[in-house]
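File shown here: start.json, holding JSON, C-alpha atoms and all ligand atoms.
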```json
[["chain", "number", "residue", "atom", "x", "y", "z"],
["A", 1, "MET", "CA", 9.91, -102.38, 55.78],
["A", 2, "VAL", "CA", 8.66, -99.09, 57.22],
["A", 3, "LYS", "CA", 7.65, -96.82, 54.34],
["A", 4, "PRO", "CA", 9.30, -93.40, 54.36],
["A", 5, "PHE", "CA", 5.86, -91.74, 54.09],
["A", 6, "THR", "CA", 2.20, -92.56, 53.57],
["A", 7, "ARG", "CA", -0.43, -91.19, 51.22],
["A", 8, "ARG", "CA", -1.76, -89.15, 54.13],
["A", 9, "ASP", "CA", 1.64, -87.45, 54.55],
["A", 10, "PHE", "CA", 1.82, -86.91, 50.80],
["A", 11, "VAL", "CA", -1.65, -85.34, 50.54],
["A", 12, "LYS", "CA", -0.86, -82.90, 53.37],
["A", 13, "GLY", "CA", 2.70, -82.27, 52.22],
["A", 14, "ASP", "CA", 4.79, -79.94, 50.16],
["A", 15, "THR", "CA", 4.36, -81.07, 46.52],
["A", 16, "ASP", "CA", 5.06, -79.72, 43.03],
["A", 17, "ILE", "CA", 3.61, -81.27, 39.92],
["A", 18, "LEU", "CA", 6.32, -82.58, 37.59],
["A", 19, "ARG", "CA", 4.00, -83.85, 34.85],
["A", 20, "LYS", "CA", 0.26, -84.39, 34.45],
["A", 21, "GLY", "CA", -0.63, -87.70, 32.85],
["A", 22, "ARG", "CA", -2.93, -88.48, 29.94],
["A", 23, "TRP", "CA", -5.97, -90.70, 30.55],
["A", 24, "ALA", "CA", -3.89, -93.83, 31.15],
["A", 25, "ASN", "CA", -0.78, -92.20, 32.64],
["A", 26, "SER", "CA", 0.18, -91.39, 36.18],
["A", 27, "ASP", "CA", 0.61, -87.86, 37.47],
["A", 28, "LEU", "CA", 4.16, -87.21, 38.63],
["A", 29, "TYR", "CA", 4.91, -85.13, 41.70],
["A", 30, "ARG", "CA", 8.03, -83.90, 43.36],
["A", 31, "TYR", "CA", 7.52, -84.21, 47.11],
["A", 32, "GLN", "CA", 9.69, -82.83, 49.88],
["A", 33, "HIS", "CA", 9.47, -85.04, 52.96],
["A", 34, "GLY", "CA", 11.79, -83.99, 55.77],
["A", 35, "PRO", "CA", 15.25, -83.66, 54.26],
["A", 36, "GLY", "CA", 14.41, -86.00, 51.34],
["A", 37, "VAL", "CA", 13.12, -85.03, 47.89],
["A", 38, "TRP", "CA", 11.02, -87.75, 46.26],
["A", 39, "VAL", "CA", 9.15, -88.49, 43.07],
["A", 40, "VAL", "CA", 5.63, -89.85, 43.48],
["A", 41, "LYS", "CA", 4.30, -91.48, 40.32],
["A", 42, "ASP", "CA", 0.61, -91.71, 41.04],
["A", 43, "PHE", "CA", -2.16, -93.49, 39.12],
["A", 44, "LEU", "CA", -4.83, -92.53, 41.66],
["A", 45, "PRO", "CA", -6.09, -89.60, 39.51],
["A", 46, "CYS", "CA", -6.87, -91.97, 36.60],
["A", 47, "HIS", "CA", -10.36, -93.34, 36.03],
["A", 48, "PRO", "CA", -11.00, -96.22, 38.50],
["A", 49, "LEU", "CA", -11.11, -98.74, 35.66],
["A", 50, "VAL", "CA", -7.66, -97.64, 34.50],
["A", 51, "ARG", "CA", -6.23, -97.21, 37.98],
["A", 52, "LYS", "CA", -7.35, -100.63, 39.22],
["A", 53, "THR", "CA", -5.99, -102.55, 36.23],
["A", 54, "TRP", "CA", -3.28, -100.88, 34.19],
["A", 55, "GLY", "CA", -2.28, -98.43, 36.97],
["A", 56, "ARG", "CA", -1.80, -101.07, 39.62],
["A", 57, "PHE", "CA", 0.06, -103.28, 37.16],
["A", 58, "PHE", "CA", 2.46, -100.54, 36.01],
["A", 59, "ALA", "CA", 3.16, -99.18, 39.49],
["A", 60, "LYS", "CA", 4.11, -102.71, 40.59],
["A", 61, "ARG", "CA", 6.14, -103.41, 37.47],
["A", 62, "GLU", "CA", 8.15, -100.20, 37.78],
["A", 63, "HIS", "CA", 8.72, -100.83, 41.48],
["A", 64, "ARG", "CA", 10.01, -104.35, 40.75],
["A", 65, "ALA", "CA", 12.42, -103.03, 38.13],
["A", 66, "PHE", "CA", 13.73, -100.31, 40.48],
["A", 67, "THR", "CA", 14.19, -102.90, 43.22],
["A", 68, "LYS", "CA", 16.25, -105.15, 40.94],
["A", 69, "LEU", "CA", 18.41, -102.16, 39.98],
["A", 70, "GLU", "CA", 19.01, -100.83, 43.49],
["A", 71, "GLY", "CA", 22.59, -99.89, 44.23],
["A", 72, "ILE", "CA", 23.54, -99.00, 40.64],
["A", 73, "SER", "CA", 24.55, -95.35, 40.54],
["A", 74, "GLY", "CA", 22.35, -93.65, 37.91],
["A", 75, "MET", "CA", 19.18, -95.58, 38.77],
["A", 76, "PRO", "CA", 16.35, -94.19, 40.92],
["A", 77, "GLU", "CA", 17.07, -94.90, 44.58],
["A", 78, "ALA", "CA", 15.03, -96.06, 47.57],
["A", 79, "PRO", "CA", 11.94, -97.22, 45.65],
["A", 80, "PHE", "CA", 8.78, -98.20, 47.48],
["A", 81, "LEU", "CA", 5.06, -98.53, 46.80],
["A", 82, "MET", "CA", 3.13, -95.88, 48.70],
["A", 83, "ASP", "CA", -0.01, -97.99, 48.08],
["A", 84, "ASP", "CA", -1.42, -99.99, 45.15],
["A", 85, "TYR", "CA", -1.42, -96.95, 42.85],
["A", 86, "ALA", "CA", 1.77, -95.03, 43.46],
["A", 87, "VAL", "CA", 5.44, -95.86, 43.16],
["A", 88, "CYS", "CA", 7.92, -93.51, 44.85],
["A", 89, "TYR", "CA", 11.68, -93.04, 44.53],
["A", 90, "LYS", "CA", 14.31, -90.39, 45.17],
["A", 91, "PHE", "CA", 14.30, -87.31, 42.98],
["A", 92, "ILE", "CA", 17.48, -86.96, 40.91],
["A", 93, "PHE", "CA", 18.76, -83.39, 40.46],
["A", 94, "GLY", "CA", 19.61, -82.60, 36.86],
["A", 95, "LYS", "CA", 18.08, -81.99, 33.45],
["A", 96, "THR", "CA", 16.62, -84.38, 30.91],
["A", 97, "LEU", "CA", 18.76, -85.11, 27.88],
["A", 98, "LYS", "CA", 16.13, -83.27, 25.83],
["A", 99, "GLU", "CA", 16.52, -80.05, 27.83],
["A", 100, "MET", "CA", 20.29, -80.13, 28.16],
["A", 101, "PRO", "CA", 22.30, -78.11, 25.61],
["A", 102, "PRO", "CA", 24.75, -80.55, 23.89],
["A", 103, "GLU", "CA", 27.74, -78.31, 24.52],
["A", 104, "LEU", "CA", 27.19, -78.73, 28.28],
["A", 105, "ILE", "CA", 27.36, -82.53, 28.05],
["A", 106, "SER", "CA", 30.79, -84.05, 28.62],
["A", 107, "ASP", "CA", 32.50, -86.13, 25.94],
["A", 108, "ASP", "CA", 32.41, -89.26, 28.07],
["A", 109, "TYR", "CA", 28.69, -88.92, 28.95],
["A", 110, "PHE", "CA", 27.48, -91.40, 26.30],
["A", 111, "PHE", "CA", 30.23, -93.90, 27.13],
["A", 112, "GLN", "CA", 28.96, -93.78, 30.72],
["A", 113, "LEU", "CA", 25.34, -94.14, 29.56],
["A", 114, "GLU", "CA", 26.29, -97.19, 27.48],
["A", 115, "LYS", "CA", 28.00, -98.68, 30.56],
["A", 116, "LEU", "CA", 24.94, -97.93, 32.71],
["A", 117, "VAL", "CA", 22.71, -99.76, 30.24],
["A", 118, "GLY", "CA", 25.12, -102.72, 30.35],
["A", 119, "LEU", "CA", 24.90, -102.79, 34.17],
["A", 120, "MET", "CA", 21.11, -102.76, 33.89],
["A", 121, "HIS", "CA", 21.19, -105.72, 31.48],
["A", 122, "ALA", "CA", 23.48, -107.60, 33.86],
["A", 123, "ARG", "CA", 20.57, -107.42, 36.36],
["A", 124, "ASN", "CA", 18.28, -108.89, 33.67],
["A", 125, "ILE", "CA", 16.25, -105.72, 33.07],
["A", 126, "VAL", "CA", 15.66, -104.24, 29.61],
["A", 127, "HIS", "CA", 14.27, -100.69, 29.54],
["A", 128, "LEU", "CA", 12.85, -100.47, 25.98],
["A", 129, "ASP", "CA", 12.17, -96.71, 26.01],
["A", 130, "ILE", "CA", 15.69, -95.26, 25.93],
["A", 131, "ARG", "CA", 15.04, -93.56, 22.57],
["A", 132, "ASN", "CA", 12.93, -91.03, 24.49],
["A", 133, "ARG", "CA", 15.28, -88.28, 25.67],
["A", 134, "GLU", "CA", 12.90, -87.39, 28.50],
["A", 135, "ASN", "CA", 13.67, -90.75, 30.11],
["A", 136, "ILE", "CA", 17.36, -89.93, 30.44],
["A", 137, "LEU", "CA", 18.89, -87.36, 32.78],
["A", 138, "VAL", "CA", 22.14, -85.48, 32.88],
["A", 139, "THR", "CA", 22.61, -85.18, 36.63],
["A", 140, "ASP", "CA", 23.94, -82.02, 38.25],
["A", 141, "ASP", "CA", 27.37, -83.66, 38.35],
["A", 142, "GLY", "CA", 27.19, -84.45, 34.62],
["A", 143, "LYS", "CA", 26.48, -88.19, 34.92],
["A", 144, "PRO", "CA", 23.76, -90.19, 33.14],
["A", 145, "ALA", "CA", 20.68, -91.48, 34.98],
["A", 146, "LEU", "CA", 17.76, -93.52, 33.65],
["A", 147, "LEU", "CA", 14.09, -92.97, 34.44],
["A", 148, "ASP", "CA", 10.73, -94.45, 33.51],
["A", 149, "PHE", "CA", 10.86, -98.23, 33.74],
["A", 150, "GLN", "CA", 7.19, -98.56, 32.90],
["A", 151, "SER", "CA", 7.88, -100.42, 29.64],
["A", 152, "SER", "CA", 10.75, -102.42, 31.10],
["A", 153, "LEU", "CA", 10.85, -106.20, 31.10],
["A", 154, "ASN", "CA", 12.53, -108.73, 33.34],
["A", 155, "LEU", "CA", 14.47, -111.03, 31.03],
["A", 156, "GLU", "CA", 14.01, -113.90, 33.49],
["A", 157, "HIS", "CA", 10.39, -114.01, 32.30],
["A", 158, "ILE", "CA", 11.11, -113.75, 28.58],
["A", 159, "PRO", "CA", 12.12, -116.65, 26.32],
["A", 160, "LYS", "CA", 15.87, -116.62, 25.61],
["A", 161, "PHE", "CA", 15.21, -116.33, 21.89],
["A", 162, "PHE", "CA", 14.15, -112.65, 22.31],
["A", 163, "HIS", "CA", 16.92, -111.48, 24.67],
["A", 164, "LYS", "CA", 19.39, -110.38, 22.01],
["A", 165, "LEU", "CA", 16.85, -108.24, 20.17],
["A", 166, "LEU", "CA", 15.57, -106.61, 23.38],
["A", 167, "ILE", "CA", 19.10, -105.81, 24.54],
["A", 168, "GLU", "CA", 19.90, -104.37, 21.11],
["A", 169, "ILE", "CA", 16.80, -102.18, 21.21],
["A", 170, "ASP", "CA", 18.17, -100.57, 24.38],
["A", 171, "PHE", "CA", 21.61, -99.98, 22.86],
["A", 172, "SER", "CA", 20.04, -98.56, 19.72],
["A", 173, "GLY", "CA", 18.27, -96.04, 22.01],
["A", 174, "VAL", "CA", 21.64, -95.03, 23.46],
["A", 175, "TYR", "CA", 23.22, -94.68, 20.01],
["A", 176, "LYS", "CA", 20.23, -92.81, 18.56],
["A", 177, "ASN", "CA", 20.61, -90.13, 21.23],
["A", 178, "TRP", "CA", 24.39, -90.20, 21.00],
["A", 179, "HIS", "CA", 24.06, -89.57, 17.26],
["A", 180, "LYS", "CA", 21.66, -86.70, 17.88],
["A", 181, "VAL", "CA", 23.64, -85.01, 20.65],
["A", 182, "LYS", "CA", 27.33, -85.83, 19.98],
["A", 183, "PRO", "CA", 27.45, -87.20, 16.40],
["A", 184, "GLN", "CA", 31.17, -86.50, 16.08],
["A", 185, "LEU", "CA", 31.87, -88.96, 18.92],
["A", 186, "LEU", "CA", 29.83, -91.87, 17.57],
["A", 187, "ASP", "CA", 32.27, -94.27, 15.90],
["A", 188, "ASP", "CA", 31.55, -96.25, 12.72],
["A", 189, "LYS", "CA", 30.92, -99.52, 14.54],
["A", 190, "ARG", "CA", 28.22, -98.08, 16.78],
["A", 191, "LYS", "CA", 26.75, -96.10, 13.87],
["A", 192, "ALA", "CA", 26.52, -99.30, 11.77],
["A", 193, "PHE", "CA", 24.81, -101.03, 14.71],
["A", 194, "LEU", "CA", 22.29, -98.18, 14.91],
["A", 195, "ASP", "CA", 21.58, -98.30, 11.16],
["A", 196, "ARG", "CA", 21.03, -102.07, 11.33],
["A", 197, "LEU", "CA", 18.61, -101.74, 14.25],
["A", 198, "ASN", "CA", 16.74, -98.88, 12.61],
["A", 199, "LYS", "CA", 15.98, -101.21, 9.73],
["A", 200, "LYS", "CA", 14.33, -103.60, 12.20],
["A", 201, "ARG", "CA", 12.20, -100.85, 13.72],
["A", 202, "SER", "CA", 8.99, -102.17, 12.24],
["A", 203, "LEU", "CA", 9.26, -104.85, 14.96],
["A", 204, "TRP", "CA", 9.24, -102.28, 17.75],
["A", 205, "LEU", "CA", 6.96, -103.25, 20.60],
["A", 206, "PHE", "CA", 6.76, -99.95, 22.41],
["A", 207, "LYS", "CA", 6.39, -96.60, 20.69],
["A", 208, "GLY", "CA", 4.42, -94.73, 23.34],
["A", 209, "TYR", "CA", 0.79, -93.75, 22.90],
["A", 210, "PRO", "CA", -0.72, -94.54, 19.51],
["A", 211, "LYS", "CA", -2.05, -91.22, 18.09],
["A", 212, "LEU", "CA", -5.68, -92.37, 18.04],
["A", 213, "ILE", "CA", -5.88, -92.90, 21.80],
["A", 214, "ARG", "CA", -3.46, -90.20, 22.87],
["A", 215, "LYS", "CA", -5.89, -87.53, 24.19],
["A", 216, "GLU", "CA", -4.99, -84.54, 26.37],
["A", 217, "ARG", "CA", -3.03, -84.49, 29.60],
["A", 218, "ARG", "CA", -5.08, -83.93, 32.80],
["A", 219, "LYS", "CA", -5.46, -80.28, 33.81],
["B", 301, "LIG", "N1", 13.66, -89.47, 39.80],
["B", 301, "LIG", "C1", 13.46, -88.38, 39.05],
["B", 301, "LIG", "N2", 14.26, -87.32, 39.21],
["B", 301, "LIG", "C2", 14.10, -86.21, 38.49],
["B", 301, "LIG", "N3", 13.13, -86.03, 37.57],
["B", 301, "LIG", "C3", 12.28, -87.05, 37.36],
["B", 301, "LIG", "C4", 12.41, -88.27, 38.06],
["B", 301, "LIG", "N4", 11.43, -89.09, 37.65],
["B", 301, "LIG", "C5", 10.75, -88.41, 36.69],
["B", 301, "LIG", "N5", 11.26, -87.18, 36.51],
["B", 301, "LIG", "C6", 10.76, -86.14, 35.55],
["B", 301, "LIG", "O1", 9.42, -86.48, 35.19],
["B", 301, "LIG", "C7", 9.33, -86.73, 33.79],
["B", 301, "LIG", "C8", 8.37, -87.88, 33.51],
["B", 301, "LIG", "O2", 8.83, -89.04, 34.18],
["B", 301, "LIG", "P1", 8.50, -90.51, 33.61],
["B", 301, "LIG", "O3", 9.02, -90.61, 32.24],
["B", 301, "LIG", "O4", 8.96, -91.49, 34.63],
["B", 301, "LIG", "O5", 6.91, -90.47, 33.60],
["B", 301, "LIG", "P2", 5.86, -90.92, 32.53],
["B", 301, "LIG", "O6", 4.53, -90.90, 33.15],
["B", 301, "LIG", "O7", 6.30, -92.20, 31.96],
["B", 301, "LIG", "O8", 5.90, -89.81, 31.49],
["B", 301, "LIG", "P3", 5.82, -90.01, 29.92],
["B", 301, "LIG", "O9", 4.64, -90.88, 29.64],
["B", 301, "LIG", "O10", 5.69, -88.62, 29.41],
["B", 301, "LIG", "O11", 7.13, -90.68, 29.54],
["B", 301, "LIG", "C9", 10.75, -87.04, 33.35],
["B", 301, "LIG", "O12", 10.96, -86.71, 31.97],
["B", 301, "LIG", "C10", 11.57, -86.13, 34.27],
["B", 301, "LIG", "O13", 11.56, -84.81, 33.75],
["B", 302, "MG", "MG", 8.74, -91.14, 30.36]]
```
Rewrite the structure of this file - the entire thing - as structure tokens.
Ligand SMILES: Nc1ncnc2c1ncn2[C@@H]1O[C@H](COP(=O)(O)OP(=O)(O)OP(=O)(O)O)[C@@H](O)[C@H]1O
Ligand SMILES: [Mg+2]
Amino acid sequence: MVKPFTRRDFVKGDTDILRKGRWANSDLYRYQHGPGVWVVKDFLPCHPLVRKTWGRFFAKREHRAFTKLEGISGMPEAPFLMDDYAVCYKFIFGKTLKEMPPELISDDYFFQLEKLVGLMHARNIVHLDIRNRENILVTDDGKPALLDFQSSLNLEHIPKFFHKLLIEIDFSGVYKNWHKVKPQLLDDKRKAFLDRLNKKRSLWLFKGYPKLIRKERRK
């Protein structure tokens, strides 16, 4: 496959920083290339030890997840690896769920998000970081989109015994945000599911950066 652009194009090109990473995170750029607007998630600025191990691993893992999810509306489109350290995909116009005022979110938004998560599971991907409202977008046309598949897992590589719990963790992320943003629309059944999962939270595998190693974002 011919890549839409190379690192050389990117370095010379028209870029905006979306987010600076911490010591073990990528920097995220918005990059205009011809008519296309892209996200470049780049581990190159990390220390070589981080970039060559963790960075390479996470860029590849996210790219694999995006590739498995291609064609589902609400998932990042046209993913490719620019090189070993950067995964790229189409920019999605919208706001994160954290930034979006609840009154501007439609009443069927969370039903659509729940459906989107179901479609993702049907492709054997679990996200595992849906609780974070910065990983969810409300697109300019009011639809849900999911970002940040860095903690995702391919269920084909996980023993069957764990599948149910991992799938439930994702749905509990949907219902946690639903409860926060549109509590009046979260029915008793989903609320009971959320309460049950919250009790199991001590088993959580991924909670972001532990405080001790968090450190500052790059300047
Ligand atoms: N395809 C995209 N379209 C629009 N905005 C995006 C896209 N990808 C990322 N962003 C923006 O960049 C932010 C960070 O993206 P992402 O969560 O993938 O990176 P991250 O390095 O994992 O960051 P963090 O560690 O803070 O979660 C998102 O919250 C969103 O605001
Ligand atoms: Mg994120």
Would you place a box with edges along x, y and z of the file around all atoms of region 166-185 of chain A listed there, add 5 Å to each of its six sides, and report the centre and edge lengths in Å to one decimal, as lines of an AutoDock Vina configuration file?
```
center_x = 23.7
center_y = -95.8
center_z = 20.3
size_x = 26.3
size_y = 31.6
size_z = 18.5
```
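Between CA of Phe110 (chain A) and CA of Leu166 (chain A) there is a distance of 19.5 Å.
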Write out as a PDB file with C-alpha atoms, keeping the file's coordinate frame which residues come within 10 Å of Pro102 (chain A) when counting only C-alpha atoms, dropping same-chain ones fewer than 3 positions away.
```
ATOM      1  CA  LEU A  97      18.760 -85.110  27.880  1.00  0.00           C
ATOM      2  CA  LYS A  98      16.130 -83.270  25.830  1.00  0.00           C
ATOM      3  CA  GLU A  99      16.520 -80.050  27.830  1.00  0.00           C
ATOM      4  CA  ILE A 105      27.360 -82.530  28.050  1.00  0.00           C
ATOM      5  CA  SER A 106      30.790 -84.050  28.620  1.00  0.00           C
ATOM      6  CA  ASP A 107      32.500 -86.130  25.940  1.00  0.00           C
ATOM      7  CA  LYS A 180      21.660 -86.700  17.880  1.00  0.00           C
ATOM      8  CA  VAL A 181      23.640 -85.010  20.650  1.00  0.00           C
ATOM      9  CA  LYS A 182      27.330 -85.830  19.980  1.00  0.00           C
TER      10      LYS A 182
END
```
Next on the checklist: Show me which residues are within 7 Å of ligand MG 302 (chain B) counting all atoms listed in the file, and format the list as number ranges by chain.
Outcome noted: A: 134-135, 147-148
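Proximity ranking of A:Val2, A:Leu69, A:Val174, A:Ile92 relative to ligand LIG 301 (chain B) places A:Ile92 first, based on all atoms listed in the file.
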Next on the checklist: Give me the residues near region 28-38 of chain A as a PyMOL selection string, where near means some atom within 7 Å (using all atoms listed in the file) and where sequence neighbours in that chain fewer than 6 positions away do not count.
Outcome noted: chain A and resi 14-20+88-91
Item to check | Residues within 10 Å of (25.0, -100.3, 34.0), counting only C-alpha atoms, listed as a PyMOL selection string | outcome: chain A and resi 69+72-75+112-123+145-146
Checklist entry - What separation in Å, quoted to one decimal, exists between CA of Ala192 (chain A) and CA of Ile130 (chain A)? => result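 That distance, rounded to one decimal, is 18.3 Å.
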Checklist entry - Of the residues A:Arg8, A:Lys143, A:Arg51, A:Arg201, which is the one nearest to Arg131 (chain A), using only C-alpha atoms? => result A:Arg201
Checklist entry - Which of these, A:Phe58, A:Leu197, A:Arg133, A:Leu49, has the shortest distance to Lys164 (chain A) once you count all atoms listed in the file? => result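 Nearest candidate to Lys164 (chain A) out of A:Phe58, A:Leu197, A:Arg133, A:Leu49: A:Leu197.
Here CA of Arg64 (chain A) and CA of Trp178 (chain A) stand 28.2 Å from one another.
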Next on the checklist: With distances taken over all atoms listed in the file, which residue among A:Asp9, A:Asp84, A:Asp140, A:Asp129 lies nearest Gly55 (chain A)?
Outcome noted: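 Checking each candidate against Gly55 (chain A), we get A:Asp84 as the closest.
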Checklist entry - With only C-alpha atoms and all ligand atoms as the basis for distance, which of A:Val126, A:Val138, A:Leu81, A:Leu104 is at the shortest distance from ligand LIG 301 (chain B)? => result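 Smallest distance to ligand LIG 301 (chain B) is found for A:Val138.
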Extract, using only C-alpha atoms, all DNA, RNA and protein residues at most 10 Å from Lys176 (chain A), discarding same-chain residues fewer than 3 positions from it, and format them as a short mmCIF file (atom, residue, chain, number, x, y, z; two decimals) with C-alpha atoms, keeping the file's coordinate frame.
```cif
data_model
loop_
_atom_site.label_atom_id
_atom_site.label_comp_id
_atom_site.auth_asym_id
_atom_site.auth_seq_id
_atom_site.Cartn_x
_atom_site.Cartn_y
_atom_site.Cartn_z
CA ILE A 130 15.69 -95.26 25.93
CA ARG A 131 15.04 -93.56 22.57
CA ASN A 132 12.93 -91.03 24.49
CA ARG A 133 15.28 -88.28 25.67
CA ASP A 170 18.17 -100.57 24.38
CA PHE A 171 21.61 -99.98 22.86
CA SER A 172 20.04 -98.56 19.72
CA GLY A 173 18.27 -96.04 22.01
CA HIS A 179 24.06 -89.57 17.26
CA LYS A 180 21.66 -86.70 17.88
CA VAL A 181 23.64 -85.01 20.65
CA PRO A 183 27.45 -87.20 16.40
CA LEU A 186 29.83 -91.87 17.57
CA ARG A 190 28.22 -98.08 16.78
CA LYS A 191 26.75 -96.10 13.87
CA LEU A 194 22.29 -98.18 14.91
CA ASP A 195 21.58 -98.30 11.16
CA ASN A 198 16.74 -98.88 12.61
#
```
Kindly reconstruct region 64-82 of chain A with N, CA and C atoms and present the result as a tab-separated table (two decimals), keeping the file's coordinate frame.
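And here is the file that came out, selection.tsv:
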```tsv
chain	number	residue	atom	x	y	z
A	64	ARG	N	9.20	-103.12	40.82
A	64	ARG	CA	10.01	-104.35	40.75
A	64	ARG	C	11.31	-104.09	39.99
A	65	ALA	N	11.21	-103.33	38.90
A	65	ALA	CA	12.42	-103.03	38.13
A	65	ALA	C	13.38	-102.21	38.98
A	66	PHE	N	12.87	-101.15	39.64
A	66	PHE	CA	13.73	-100.31	40.48
A	66	PHE	C	14.40	-101.15	41.56
A	67	THR	N	13.65	-102.08	42.13
A	67	THR	CA	14.19	-102.90	43.22
A	67	THR	C	15.34	-103.77	42.71
A	68	LYS	N	15.17	-104.31	41.51
A	68	LYS	CA	16.25	-105.15	40.94
A	68	LYS	C	17.49	-104.32	40.62
A	69	LEU	N	17.29	-103.01	40.41
A	69	LEU	CA	18.41	-102.16	39.98
A	69	LEU	C	19.04	-101.38	41.14
A	70	GLU	N	18.53	-101.60	42.34
A	70	GLU	CA	19.01	-100.83	43.49
A	70	GLU	C	20.52	-100.97	43.66
A	71	GLY	N	21.15	-99.87	43.98
A	71	GLY	CA	22.59	-99.89	44.23
A	71	GLY	C	23.40	-99.48	43.02
A	72	ILE	N	22.80	-99.45	41.83
A	72	ILE	CA	23.54	-99.00	40.64
A	72	ILE	C	23.43	-97.47	40.60
A	73	SER	N	24.57	-96.81	40.58
A	73	SER	CA	24.55	-95.35	40.54
A	73	SER	C	24.02	-94.91	39.17
A	74	GLY	N	22.98	-94.05	39.18
A	74	GLY	CA	22.35	-93.65	37.91
A	74	GLY	C	20.96	-94.26	37.76
A	75	MET	N	20.54	-95.04	38.76
A	75	MET	CA	19.18	-95.58	38.77
A	75	MET	C	18.43	-94.96	39.95
A	76	PRO	N	17.11	-94.77	39.80
A	76	PRO	CA	16.35	-94.19	40.92
A	76	PRO	C	16.56	-94.99	42.21
A	77	GLU	N	16.73	-94.26	43.30
A	77	GLU	CA	17.07	-94.90	44.58
A	77	GLU	C	15.86	-94.99	45.51
A	78	ALA	N	15.97	-95.90	46.46
A	78	ALA	CA	15.03	-96.06	47.57
A	78	ALA	C	13.57	-96.23	47.13
A	79	PRO	N	13.32	-97.08	46.14
A	79	PRO	CA	11.94	-97.22	45.65
A	79	PRO	C	11.03	-97.90	46.67
A	80	PHE	N	9.79	-97.47	46.69
A	80	PHE	CA	8.78	-98.20	47.48
A	80	PHE	C	7.40	-97.89	46.92
A	81	LEU	N	6.45	-98.77	47.22
A	81	LEU	CA	5.06	-98.53	46.80
A	81	LEU	C	4.35	-97.82	47.93
A	82	MET	N	3.84	-96.61	47.65
A	82	MET	CA	3.13	-95.88	48.70
A	82	MET	C	1.82	-96.62	49.02
```
